file my_file.cif (mmCIF, C-alpha atoms)
data_target
loop_
_atom_site.label_atom_id
_atom_site.label_comp_id
_atom_site.auth_asym_id
_atom_site.auth_seq_id
_atom_site.Cartn_x
_atom_site.Cartn_y
_atom_site.Cartn_z
CA MET A 278 0.00 0.00 0.00
CA ASN A 279 2.82 2.35 0.86
CA THR A 280 4.49 1.47 -2.45
CA LEU A 281 1.29 2.29 -4.35
CA ALA A 282 0.96 5.62 -2.55
CA HIS A 283 4.57 6.42 -3.41
CA VAL A 284 3.99 5.61 -7.09
CA LEU A 285 0.87 7.79 -7.17
CA SER A 286 2.75 10.65 -5.57
CA LEU A 287 5.35 10.51 -8.35
CA LYS A 288 2.72 11.06 -11.04
CA LYS A 289 2.82 14.53 -12.52
CA LYS A 290 -0.19 16.57 -11.51
CA TYR A 291 -0.14 18.51 -14.78
CA SER A 292 1.39 18.61 -18.23
CA THR A 293 3.69 21.34 -19.45
CA PRO A 294 1.59 24.18 -20.95
CA ASN A 295 1.59 24.13 -24.74
CA ILE A 296 0.95 26.81 -27.34
CA TYR A 297 -1.58 26.62 -30.14
CA ASP A 298 -0.61 29.22 -32.74
CA ALA A 299 -2.69 28.05 -35.75
CA ASN A 300 0.55 27.73 -37.74
CA GLY A 301 0.94 31.50 -37.64
CA ASP A 302 -2.58 32.29 -38.87
CA LEU A 303 -3.52 35.59 -37.21
CA SER A 304 -7.18 35.26 -38.22
CA LYS A 305 -7.60 32.32 -35.84
CA ARG A 306 -7.61 32.36 -32.04
CA TRP A 307 -4.34 31.39 -30.39
CA TYR A 308 -4.27 29.94 -26.89
CA VAL A 309 -2.31 28.08 -24.23
CA TYR A 310 -3.52 24.63 -23.17
CA TYR A 311 -2.51 22.07 -20.58
CA SER A 312 -3.83 18.99 -18.78
CA PHE A 313 -4.29 18.49 -15.06
CA ARG A 314 -4.80 15.23 -13.15
CA ASN A 315 -8.44 14.80 -12.10
CA PRO A 316 -8.43 13.80 -8.41
CA GLU A 317 -11.47 11.55 -8.94
CA THR A 318 -10.36 9.65 -12.06
CA ASP A 319 -6.59 10.04 -11.51
CA LYS A 320 -6.27 10.84 -15.22
CA LEU A 321 -4.70 13.87 -16.89
CA GLU A 322 -7.58 15.83 -18.40
CA ARG A 323 -7.45 18.76 -20.82
CA GLN A 324 -8.39 22.04 -19.16
CA THR A 325 -10.08 25.18 -20.48
CA HIS A 326 -8.05 26.98 -23.11
CA ILE A 327 -6.38 30.20 -21.94
CA TYR A 328 -6.47 33.25 -24.23
CA ALA A 329 -5.75 36.14 -21.85
CA GLY A 330 -5.90 38.81 -24.53
CA VAL A 331 -3.14 37.49 -26.80
CA ASN A 332 -5.42 37.63 -29.86
CA LYS A 333 -5.61 41.40 -29.57
CA PHE A 334 -2.07 41.56 -30.98
CA LYS A 335 -2.31 42.01 -34.74
CA THR A 336 1.24 41.36 -35.91
CA LEU A 337 2.92 37.95 -35.97
CA ARG A 338 5.89 39.16 -33.95
CA GLU A 339 3.75 40.70 -31.21
CA ARG A 340 1.42 37.73 -30.89
CA LYS A 341 4.26 35.18 -30.83
CA ASN A 342 5.93 37.13 -28.05
CA ALA A 343 2.67 37.49 -26.10
CA ILE A 344 1.76 33.80 -26.34
CA LYS A 345 5.23 32.75 -25.12
CA ILE A 346 4.95 35.05 -22.12
CA LEU A 347 1.45 33.70 -21.38
CA ALA A 348 2.65 30.08 -21.55
CA GLN A 349 5.46 30.86 -19.11
CA ALA A 350 3.02 32.65 -16.79
CA VAL A 351 0.68 29.62 -16.79
CA GLU A 352 3.58 27.30 -16.01
CA ASN A 353 4.70 29.55 -13.14
CA ILE A 354 1.19 29.52 -11.68
CA LEU A 355 1.01 25.72 -11.90
CA GLU A 356 4.41 25.38 -10.26
CA SER A 357 3.17 27.64 -7.47
CA GLY A 358 0.48 25.09 -6.61
CA TYR A 359 -2.53 26.17 -8.66
CA ASN A 360 -5.17 23.44 -8.92
CA PRO A 361 -8.08 23.98 -11.37
CA TYR A 362 -10.21 21.51 -9.39
CA GLU A 363 -9.84 23.53 -6.22
CA ASP A 364 -9.16 27.11 -7.30
CA GLU A 365 -10.94 29.52 -9.63
CA GLU A 366 -10.29 29.63 -13.34
CA ILE A 367 -6.69 30.46 -14.18
CA VAL A 368 -7.66 33.56 -16.16
CA SER A 369 -9.99 34.91 -13.50
CA THR A 370 -9.41 37.42 -10.73
CA SER A 371 -7.26 34.90 -8.88
CA GLU A 372 -4.66 35.16 -11.63
CA GLU A 373 -4.73 38.95 -11.57
CA LYS A 374 -3.90 38.93 -7.89
CA LYS A 375 -0.75 37.01 -8.63
CA TYR A 376 0.71 39.92 -10.62
CA THR A 377 2.79 41.99 -8.28
CA ILE A 378 3.89 45.45 -9.41
CA GLU A 379 7.29 44.00 -10.24
CA ASP A 380 5.72 41.14 -12.26
CA ALA A 381 3.44 43.48 -14.21
CA ILE A 382 6.30 45.82 -15.10
CA ALA A 383 8.54 42.93 -16.14
CA PHE A 384 5.71 41.54 -18.29
CA SER A 385 5.11 44.87 -20.03
CA LEU A 386 8.81 45.56 -20.61
CA GLU A 387 9.22 42.15 -22.23
CA LEU A 388 6.35 42.93 -24.60
CA LYS A 389 7.50 46.44 -25.45
CA LYS A 390 11.11 45.39 -25.99
CA ASN A 391 10.01 43.59 -29.14
CA THR A 392 7.53 46.17 -30.41
CA LEU A 393 9.14 49.57 -29.80
CA LYS A 394 12.13 51.15 -31.51
CA GLU A 395 15.34 51.33 -29.47
CA ASN A 396 14.97 54.96 -28.41
CA SER A 397 11.24 54.64 -27.72
CA PHE A 398 11.81 51.54 -25.60
CA ARG A 399 14.61 53.27 -23.71
CA ASP A 400 12.31 56.18 -22.84
CA TYR A 401 9.50 53.76 -21.95
CA ARG A 402 11.74 51.75 -19.64
CA VAL A 403 13.22 54.81 -17.89
CA ARG A 404 9.81 56.28 -17.14
CA ILE A 405 8.23 52.98 -16.03
CA LYS A 406 11.17 52.16 -13.73
CA SER A 407 10.96 55.66 -12.28
CA PHE A 408 7.26 55.04 -11.60
CA GLU A 409 8.11 51.70 -9.97
CA LYS A 410 10.71 53.35 -7.75
CA TRP A 411 8.18 56.00 -6.69
CA LEU A 412 5.60 53.34 -5.85
CA TYR A 413 8.02 51.48 -3.59
CA ALA A 414 8.98 54.73 -1.87
CA ASN A 415 5.31 55.41 -1.18
CA GLY A 416 4.25 52.17 0.47
CA PHE A 417 3.48 49.91 -2.51
CA GLU A 418 6.28 47.38 -2.04
CA ASN A 419 5.07 43.74 -2.23
CA ARG A 420 1.62 44.85 -3.41
CA THR A 421 -0.25 43.79 -6.55
CA ILE A 422 -0.64 45.95 -9.63
CA ASN A 423 -4.39 46.06 -8.90
CA SER A 424 -3.67 48.15 -5.81
CA VAL A 425 -2.57 51.02 -8.06
CA ASP A 426 -5.59 53.18 -8.86
CA LYS A 427 -6.32 56.45 -10.67
CA LYS A 428 -5.65 58.53 -7.56
CA THR A 429 -2.20 56.92 -7.24
CA ILE A 430 -1.34 57.83 -10.83
CA VAL A 431 -2.57 61.40 -10.42
CA THR A 432 -0.44 61.80 -7.29
CA PHE A 433 2.62 60.48 -9.12
CA LEU A 434 2.02 62.74 -12.12
CA ASN A 435 1.66 65.73 -9.81
CA SER A 436 5.07 64.91 -8.35
CA VAL A 437 6.54 64.81 -11.87
CA LEU A 438 4.91 68.15 -12.68
CA SER A 439 6.21 69.81 -9.53
CA THR A 440 9.82 68.89 -10.29
CA THR A 441 9.90 69.19 -14.10
CA SER A 442 7.32 70.58 -16.54
CA ALA A 443 3.83 70.07 -17.92
CA LYS A 444 5.32 68.63 -21.09
CA ASN A 445 7.31 66.02 -19.17
CA ARG A 446 4.26 65.22 -17.03
CA ASN A 447 2.19 64.68 -20.20
CA ASN A 448 4.86 62.46 -21.74
CA THR A 449 4.97 60.40 -18.55
CA ARG A 450 1.18 60.11 -18.58
CA ALA A 451 1.32 58.81 -22.18
CA ILE A 452 3.87 56.14 -21.22
CA LEU A 453 1.82 55.04 -18.19
CA SER A 454 -1.28 54.81 -20.38
CA MET A 455 0.65 52.58 -22.77
CA PHE A 456 1.79 50.46 -19.81
CA PHE A 457 -1.68 49.99 -18.33
CA GLN A 458 -3.16 49.39 -21.78
CA SER A 459 -0.80 46.44 -22.27
CA LEU A 460 -2.00 45.06 -18.92
CA GLU A 461 -5.66 45.52 -19.90
CA ASP A 462 -5.06 43.87 -23.28
CA ASN A 463 -3.70 40.82 -21.46
CA ASP A 464 -6.48 40.67 -18.84
CA ILE A 465 -4.12 41.50 -16.00
CA ILE A 466 -6.21 44.53 -15.03
CA PRO A 467 -9.85 45.21 -15.94
CA ASP A 468 -9.46 48.79 -17.18
CA ASN A 469 -6.84 51.31 -18.31
CA PHE A 470 -7.96 54.23 -16.17
CA VAL A 471 -4.93 56.35 -17.14
CA LYS A 472 -6.72 57.23 -20.39
CA LYS A 473 -9.24 59.16 -18.30
CA ILE A 474 -6.57 61.39 -16.75
CA ASN A 475 -6.46 64.77 -18.47
CA VAL A 476 -3.58 66.11 -20.54
CA LEU A 477 -2.29 69.44 -19.26
CA LYS A 478 -1.89 72.40 -21.55
CA SER A 479 1.79 73.13 -21.95
CA ASN A 480 3.64 75.88 -23.74
CA PRO A 481 6.34 74.35 -25.94
CA GLU A 482 9.82 75.75 -25.51
CA ARG A 483 10.70 78.15 -28.28
CA ASN A 484 13.94 78.05 -30.17
CA LYS A 485 14.50 81.75 -30.66
CA THR A 486 16.35 83.05 -33.65
CA TYR A 487 19.78 84.44 -32.84
CA SER A 488 20.42 88.09 -33.50
CA SER A 489 23.37 89.06 -35.68
CA LYS A 490 25.37 90.07 -32.60
CA GLN A 491 24.57 86.81 -30.78
CA GLU A 492 25.59 84.83 -33.85
CA VAL A 493 28.91 86.67 -34.09
CA ASP A 494 29.56 86.27 -30.36
CA ILE A 495 28.84 82.52 -30.49
CA PHE A 496 30.98 81.91 -33.54
CA ASN A 497 33.88 83.95 -32.21
CA TYR A 498 33.71 82.10 -28.92
CA LEU A 499 33.65 78.71 -30.68
CA LYS A 500 36.51 79.59 -33.03
CA SER A 501 38.66 80.21 -29.98
CA ASN A 502 37.33 77.50 -27.66
CA ASP A 503 35.58 74.67 -29.49
CA GLU A 504 36.08 74.24 -33.24
CA LEU A 505 34.35 70.84 -33.24
CA MET A 506 31.19 72.36 -31.78
CA LEU A 507 31.43 75.11 -34.36
CA LEU A 508 31.50 72.58 -37.23
CA PHE A 509 28.62 70.67 -35.65
CA ILE A 510 26.55 73.87 -35.63
CA GLN A 511 27.52 74.64 -39.22
CA PHE A 512 26.05 71.28 -40.32
CA ILE A 513 22.81 72.16 -38.53
CA SER A 514 22.80 75.64 -39.97
CA TYR A 515 23.89 75.25 -43.58
CA ASN A 516 22.16 71.92 -44.29
CA HIS A 517 19.14 72.52 -42.08
CA LEU A 518 19.65 69.31 -40.09
CA ARG A 519 18.32 68.32 -36.72
CA PRO A 520 21.01 67.64 -34.09
CA VAL A 521 20.12 63.91 -34.03
CA GLU A 522 20.65 63.76 -37.80
CA VAL A 523 24.10 65.30 -37.41
CA VAL A 524 25.20 62.72 -34.82
CA ARG A 525 24.12 59.93 -37.21
CA LEU A 526 26.52 61.15 -39.91
CA GLN A 527 29.47 58.93 -40.77
CA ILE A 528 32.49 59.84 -42.87
CA LYS A 529 31.01 57.94 -45.83
CA ASP A 530 27.91 60.15 -45.74
CA VAL A 531 29.87 63.26 -46.78
CA ASN A 532 30.70 63.19 -50.48
CA VAL A 533 32.90 66.27 -50.91
CA LYS A 534 33.65 65.59 -54.58
CA ASP A 535 29.99 65.55 -55.66
CA ARG A 536 28.87 67.96 -52.93
CA ARG A 537 26.35 65.45 -51.61
CA LEU A 538 25.33 64.76 -48.02
CA TYR A 539 23.50 61.49 -47.24
CA VAL A 540 21.22 61.94 -44.24
CA ARG A 541 19.56 59.01 -42.47
CA ALA A 542 16.24 60.14 -41.03
CA LYS A 543 14.45 57.94 -38.49
CA ASN A 544 12.23 55.27 -40.13
CA LYS A 545 12.71 56.87 -43.55
CA ALA A 546 14.85 56.39 -46.62
CA VAL A 547 18.20 58.16 -46.87
CA LYS A 548 17.83 61.80 -47.90
CA VAL A 549 20.37 63.33 -50.28
CA LYS A 550 21.20 67.00 -49.72
CA ILE A 551 23.43 69.45 -51.52
CA ILE A 552 26.38 70.67 -49.45
CA PRO A 553 26.61 74.44 -49.95
CA GLU A 554 29.93 76.04 -50.70
CA ILE A 555 29.85 77.94 -47.43
CA LEU A 556 30.02 74.57 -45.59
CA LEU A 557 32.42 72.84 -47.99
CA SER A 558 35.03 75.51 -47.34
CA THR A 559 35.02 74.71 -43.62
CA LEU A 560 35.41 70.93 -43.92
CA PRO A 561 38.72 69.27 -43.06
CA ASP A 562 40.26 66.55 -45.25
CA LEU A 563 37.97 63.55 -44.64
CA GLU A 564 39.79 61.03 -46.86
CA LYS A 565 42.22 60.08 -44.09
CA PHE A 566 39.39 58.75 -41.88
CA HIS A 567 37.70 55.35 -42.01
CA PRO A 568 34.38 55.56 -43.94
CA GLU A 569 32.44 53.82 -41.15
CA SER A 570 33.68 56.18 -38.43
CA TYR A 571 31.36 58.87 -37.12
CA LEU A 572 31.85 62.42 -38.28
CA PHE A 573 31.29 63.88 -34.80
CA THR A 574 32.44 62.27 -31.56
CA PRO A 575 33.61 63.62 -28.17
CA ASN A 576 37.19 62.88 -29.24
CA GLY A 577 37.00 64.68 -32.56
CA ILE A 578 36.19 63.85 -36.17
CA GLY A 579 36.25 60.32 -37.58
CA GLN A 580 36.35 58.27 -34.38
CA GLU A 581 34.41 55.29 -33.03
CA TRP A 582 31.40 56.07 -30.85
CA THR A 583 29.22 53.17 -29.77
CA THR A 584 26.61 54.79 -27.52
CA ASN A 585 23.01 55.26 -28.73
CA GLU A 586 22.06 58.32 -30.78
CA THR A 587 19.93 59.88 -28.06
CA ASP A 588 22.94 60.01 -25.75
CA LYS A 589 25.03 61.37 -28.63
CA ARG A 590 22.58 64.19 -29.25
CA ASP A 591 22.36 64.95 -25.53
CA TYR A 592 26.16 65.05 -25.32
CA PHE A 593 26.38 67.85 -27.89
CA SER A 594 23.41 69.68 -26.35
CA LYS A 595 25.20 69.71 -23.00
CA ARG A 596 28.44 70.73 -24.70
CA PHE A 597 26.66 73.68 -26.27
CA LYS A 598 25.07 74.62 -22.94
CA LYS A 599 28.55 75.53 -21.70
CA VAL A 600 28.73 78.03 -24.55
CA LYS A 601 25.29 79.45 -23.69
CA ASP A 602 26.24 79.78 -20.03
CA SER A 603 29.44 81.60 -20.96
CA LEU A 604 27.53 84.08 -23.11
CA GLY A 605 24.50 84.43 -20.82
CA LEU A 606 21.94 82.93 -23.22
CA GLY A 607 18.66 81.64 -21.74
CA LYS A 608 16.80 78.34 -22.13
CA ASP A 609 14.88 79.61 -25.19
CA TYR A 610 18.07 79.35 -27.20
CA GLY A 611 19.48 76.01 -28.32
CA LEU A 612 21.01 74.11 -31.20
CA TYR A 613 17.67 74.15 -33.02
CA SER A 614 17.80 77.94 -33.01
CA PHE A 615 20.53 77.80 -35.65
CA ARG A 616 18.11 76.19 -38.11
CA HIS A 617 15.77 79.17 -37.81
CA THR A 618 18.61 81.66 -37.98
CA PHE A 619 20.54 80.27 -40.91
CA ILE A 620 17.68 79.35 -43.20
CA THR A 621 17.06 83.09 -43.47
CA LYS A 622 20.75 83.86 -43.84
CA LEU A 623 21.20 81.23 -46.55
CA TYR A 624 18.24 82.58 -48.51
CA HIS A 625 19.74 86.08 -48.51
CA GLU A 626 23.07 84.62 -49.65
CA PHE A 627 21.42 82.92 -52.65
CA ALA A 628 19.30 85.96 -53.42
CA LYS A 629 22.40 88.06 -54.06
CA ASN A 630 22.94 86.40 -57.46
CA SER A 631 19.53 84.80 -58.14
CA THR A 632 15.90 85.65 -58.57
CA PRO A 633 13.63 85.02 -55.53
CA PHE A 634 12.27 81.86 -57.23
CA GLU A 635 15.79 80.55 -57.97
CA ALA A 636 16.88 81.31 -54.41
CA LYS A 637 13.94 79.39 -52.98
CA SER A 638 14.58 76.48 -55.35
CA LYS A 639 18.21 76.24 -54.24
CA LEU A 640 17.08 76.47 -50.65
CA MET A 641 14.64 73.56 -51.08
CA LEU A 642 17.45 71.35 -52.41
CA ILE A 643 19.33 71.93 -49.16
CA THR A 644 16.51 71.92 -46.63
CA GLY A 645 14.35 69.24 -48.23
CA HIS A 646 11.31 71.49 -47.63
#
call {"tool": "encode", "arguments": {"input": "my_file.cif", "output": "structure tokens"}}
result
Amino acid sequence: MNTLAHVLSLKKKYSTPNIYDANGDLSKRWYVYYSFRNPETDKLERQTHIYAGVNKFKTLRERKNAIKILAQAVENILESGYNPYEDEEIVSTSEEKKYTIEDAIAFSLELKKNTLKENSFRDYRVRIKSFEKWLYANGFENRTINSVDKKTIVTFLNSVLSTTSAKNRNNTRAILSMFFQSLEDNDIIPDNFVKKINVLKSNPERNKTYSSKQEVDIFNYLKSNDELMLLFIQFISYNHLRPVEVVRLQIKDVNVKDRRLYVRAKNKAVKVKIIPEILLSTLPDLEKFHPESYLFTPNGIGQEWTTNETDKRDYFSKRFKKVKDSLGLGKDYGLYSFRHTFITKLYHEFAKNSTPFEAKSKLMLITGH
């Protein structure tokens, strides 16, 4: 009898959860299924299929990732002692209670890692982890995600507003809404209440145009103190580039012979721009550098720089802030201000020897507008 009891105790109570993915057919319902030993018959019996919102994902990549995460979640619950013959359904409220704040954030980050672009995911992760840190500092440690309500979010957003700006508060609200929407889509929470929180009216920061005197002061300062920053600004100014587009430039993107600049815009095809003579005359000899090296780096032209482009852009923004501080320029002035300033200056330069129509046409070749 003891031997029989020992044999019975060795029998697996459940099978490993499996995935049904309809051979990749997104028009059909995908689900996770498993079997559990019936205590009355002592046989493994197929249990109710588990969907948990995975069919809301409309791309193959997203749904594959979601179904894998769901299968792992089901297995974790079974390993924790869940019994369908004793407990509620696995996709019911009992499952929701098993998602701690840490679990819910880990789940969402895993999903977003495969659906967001690198920079977007980086911003998403930073803001969500900041929210998690705030929750723990305000008594939410070891609590479930369901304990976080609308009032909690409003309090957190107010703290963001008080230390930063309305724009940053609104951006944080958008990320939190995305986070809670992913939880709603996967039946972890019943409702994304963040969508009901209002967006504050914010005044965007202006990038004022530099006066002639300010322009001269900046350029004179840079000629004496930071020639690399000066060249960086000239690329923004004369080719009407955004700072992030400048940090993407590699040596191979600057074709001095044909006066062509190849600009990689985010999620778009490469743009070809004409390099004006006023910029060509300031360029150093680029042939001695490796084509794959970056044009602008902290250590000068044509070096390796492996950090992400957001950090690269921020590096040069902070480097320029030292110039602004030295010259007493306020927050309304930045690298973008040179685009506004020099588009006008470039037009007047072309207009000296061209008709207004010809000047505008030349300008469009450079700006892409």
call {"tool": "residues_around", "arguments": {"input": "my_file.cif", "residues": "Asp468 (chain A)", "least_positions_apart": "3", "cutoff": "8 Å", "atoms": "only C-alpha atoms", "output": "PyMOL selection string"}}
result
chain A and resi 457-458+461
call {"tool": "residues_around", "arguments": {"input": "my_file.cif", "residues": "region 521-531 of chain A", "least_positions_apart": "3", "cutoff": "9 Å", "atoms": "all atoms listed in the file", "output": "short mmCIF file (atom, residue, chain, number, x, y, z; two decimals) with C-alpha atoms, keeping the file's coordinate frame"}}
result
data_model
loop_
_atom_site.label_atom_id
_atom_site.label_comp_id
_atom_site.auth_asym_id
_atom_site.auth_seq_id
_atom_site.Cartn_x
_atom_site.Cartn_y
_atom_site.Cartn_z
CA PHE A 509 28.62 70.67 -35.65
CA PHE A 512 26.05 71.28 -40.32
CA ILE A 513 22.81 72.16 -38.53
CA LEU A 518 19.65 69.31 -40.09
CA LYS A 534 33.65 65.59 -54.58
CA ARG A 536 28.87 67.96 -52.93
CA ARG A 537 26.35 65.45 -51.61
CA LEU A 538 25.33 64.76 -48.02
CA TYR A 539 23.50 61.49 -47.24
CA VAL A 540 21.22 61.94 -44.24
CA ARG A 541 19.56 59.01 -42.47
CA ALA A 542 16.24 60.14 -41.03
CA LYS A 543 14.45 57.94 -38.49
CA ILE A 552 26.38 70.67 -49.45
CA LEU A 563 37.97 63.55 -44.64
CA GLU A 564 39.79 61.03 -46.86
CA PHE A 566 39.39 58.75 -41.88
CA HIS A 567 37.70 55.35 -42.01
CA PRO A 568 34.38 55.56 -43.94
CA GLU A 569 32.44 53.82 -41.15
CA SER A 570 33.68 56.18 -38.43
CA TYR A 571 31.36 58.87 -37.12
CA LEU A 572 31.85 62.42 -38.28
CA PHE A 573 31.29 63.88 -34.80
CA THR A 574 32.44 62.27 -31.56
CA ILE A 578 36.19 63.85 -36.17
CA GLY A 579 36.25 60.32 -37.58
CA GLU A 586 22.06 58.32 -30.78
CA THR A 587 19.93 59.88 -28.06
CA LYS A 589 25.03 61.37 -28.63
CA ARG A 590 22.58 64.19 -29.25
CA ASP A 591 22.36 64.95 -25.53
CA PHE A 593 26.38 67.85 -27.89
#
call {"tool": "closest_residue", "arguments": {"input": "my_file.cif", "among": "A:Ile551, A:Asn315, A:Met455, A:Thr584", "to": "Pro361 (chain A)", "atoms": "all atoms listed in the file"}}
result
A:Asn315
call {"tool": "atom_distance", "arguments": {"input": "my_file.cif", "atom1": "CA of Tyr291 (chain A)", "atom2": "CA of Tyr328 (chain A)"}}
result
18.6 Å
call {"tool": "residues_around", "arguments": {"input": "my_file.cif", "residues": "Asn332 (chain A)", "least_positions_apart": "4", "cutoff": "9 Å", "atoms": "all atoms listed in the file", "output": "number ranges by chain"}}
result
A: 303-308, 328, 340, 343-344
call {"tool": "write_last_selection", "arguments": {"input": "my_file.cif", "atoms": "C-alpha atoms", "output": "short mmCIF file (atom, residue, chain, number, x, y, z; two decimals), in the frame of the given file"}}
result
data_model
loop_
_atom_site.label_atom_id
_atom_site.label_comp_id
_atom_site.auth_asym_id
_atom_site.auth_seq_id
_atom_site.Cartn_x
_atom_site.Cartn_y
_atom_site.Cartn_z
CA LEU A 303 -3.52 35.59 -37.21
CA SER A 304 -7.18 35.26 -38.22
CA LYS A 305 -7.60 32.32 -35.84
CA ARG A 306 -7.61 32.36 -32.04
CA TRP A 307 -4.34 31.39 -30.39
CA TYR A 308 -4.27 29.94 -26.89
CA TYR A 328 -6.47 33.25 -24.23
CA ARG A 340 1.42 37.73 -30.89
CA ALA A 343 2.67 37.49 -26.10
CA ILE A 344 1.76 33.80 -26.34
#
call {"tool": "resolve_selection", "arguments": {"input": "my_file.cif", "expression": "the PyMOL selection byres ((chain A and resi 505) around 12)", "output": "VMD selection string"}}
result
chain A and resid 496 499 to 504 506 to 512 559 to 561 572 to 579 593 596 to 597
call {"tool": "closest_residue", "arguments": {"input": "my_file.cif", "among": "A:Asn475, A:Ser614, A:Asn516, A:Thr377", "to": "Ser454 (chain A)", "atoms": "all atoms listed in the file"}}
result
A:Asn475
call {"tool": "residues_around", "arguments": {"input": "my_file.cif", "residues": "Tyr487 (chain A)", "least_positions_apart": "4", "cutoff": "8 Å", "atoms": "only C-alpha atoms", "output": "list in words"}}
result
Gln491, Glu492, Tyr610, Ser614, Phe615 and Thr618 of chain A
call {"tool": "atom_distance", "arguments": {"input": "my_file.cif", "atom1": "CA of Arg338 (chain A)", "atom2": "CA of Glu356 (chain A)"}}
result
27.4 Å
call {"tool": "residues_around", "arguments": {"input": "my_file.cif", "residues": "Asp426 (chain A)", "least_positions_apart": "5", "cutoff": "9 Å", "atoms": "all atoms listed in the file", "output": "PyMOL selection string"}}
result
chain A and resi 431+470-471
call {"tool": "resolve_selection", "arguments": {"input": "my_file.cif", "expression": "the PyMOL selection byres ((chain A and resi 325) around 10)", "output": "list in words"}}
result
Tyr308, Val309, Tyr310, Tyr311, Ser312, Glu322, Arg323, Gln324, His326, Ile327, Tyr328, Pro361, Glu366, Ile367 and Val368 of chain A
call {"tool": "closest_residue", "arguments": {"input": "my_file.cif", "among": "A:Val437, A:Leu612, A:Val351, A:Ile405", "to": "Ser514 (chain A)", "atoms": "all atoms listed in the file"}}
result
A:Leu612
call {"tool": "closest_residue", "arguments": {"input": "my_file.cif", "among": "A:Ala628, A:Lys394, A:Lys599, A:Glu554", "to": "Asn585 (chain A)", "atoms": "all atoms listed in the file"}}
result
A:Lys394
call {"tool": "resolve_selection", "arguments": {"input": "my_file.cif", "expression": "the PyMOL selection byres ((chain A and resi 412) around 12)", "output": "PyMOL selection string"}}
result
chain A and resi 377-379+382+405-411+413-422+424-426+429-430+432-434+436
call {"tool": "atom_distance", "arguments": {"input": "my_file.cif", "atom1": "CA of Phe313 (chain A)", "atom2": "CA of Ser292 (chain A)"}}
result
6.5 Å
call {"tool": "axis_aligned_box", "arguments": {"input": "my_file.cif", "around": "region 547-550 of chain A", "padding_each_side": "8 Å", "output": "lines of an AutoDock Vina configuration file"}}
result
center_x = 19.5
center_y = 62.6
center_z = -48.6
size_x = 19.4
size_y = 24.8
size_z = 19.4
call {"tool": "closest_residue", "arguments": {"input": "my_file.cif", "among": "A:Asp588, A:Glu626, A:Lys290, A:Asn396", "to": "Pro520 (chain A)", "atoms": "only C-alpha atoms"}}
result
A:Asp588
call {"tool": "decode", "arguments": {"input": "my_file.cif", "residues": "region 487-496 of chain A", "atoms": "N, CA, C and O atoms", "output": "short mmCIF file (atom, residue, chain, number, x, y, z; two decimals), in the first residue's frame"}}
result
data_model
loop_
_atom_site.label_atom_id
_atom_site.label_comp_id
_atom_site.auth_asym_id
_atom_site.auth_seq_id
_atom_site.Cartn_x
_atom_site.Cartn_y
_atom_site.Cartn_z
N TYR A 487 18.67 83.65 -33.36
CA TYR A 487 19.78 84.44 -32.84
C TYR A 487 19.88 85.77 -33.59
O TYR A 487 19.69 85.82 -34.81
N SER A 488 20.17 86.80 -32.86
CA SER A 488 20.42 88.09 -33.50
C SER A 488 21.80 88.04 -34.16
O SER A 488 22.61 87.14 -33.89
N SER A 489 22.07 89.01 -35.00
CA SER A 489 23.37 89.06 -35.68
C SER A 489 24.51 89.14 -34.66
O SER A 489 25.55 88.48 -34.81
N LYS A 490 24.33 89.93 -33.62
CA LYS A 490 25.37 90.07 -32.60
C LYS A 490 25.57 88.75 -31.84
O LYS A 490 26.71 88.34 -31.59
N GLN A 491 24.47 88.08 -31.50
CA GLN A 491 24.57 86.81 -30.78
C GLN A 491 25.28 85.76 -31.65
O GLN A 491 26.12 85.01 -31.16
N GLU A 492 24.95 85.76 -32.92
CA GLU A 492 25.59 84.83 -33.85
C GLU A 492 27.10 85.07 -33.91
O GLU A 492 27.90 84.13 -33.83
N VAL A 493 27.48 86.31 -34.03
CA VAL A 493 28.91 86.67 -34.09
C VAL A 493 29.61 86.29 -32.79
O VAL A 493 30.71 85.71 -32.80
N ASP A 494 28.97 86.59 -31.67
CA ASP A 494 29.56 86.27 -30.36
C ASP A 494 29.77 84.76 -30.21
O ASP A 494 30.82 84.31 -29.73
N ILE A 495 28.76 83.98 -30.61
CA ILE A 495 28.84 82.52 -30.49
C ILE A 495 29.95 81.97 -31.37
O ILE A 495 30.78 81.17 -30.94
N PHE A 496 29.97 82.43 -32.61
CA PHE A 496 30.98 81.91 -33.54
C PHE A 496 32.39 82.32 -33.14
O PHE A 496 33.33 81.52 -33.26
#
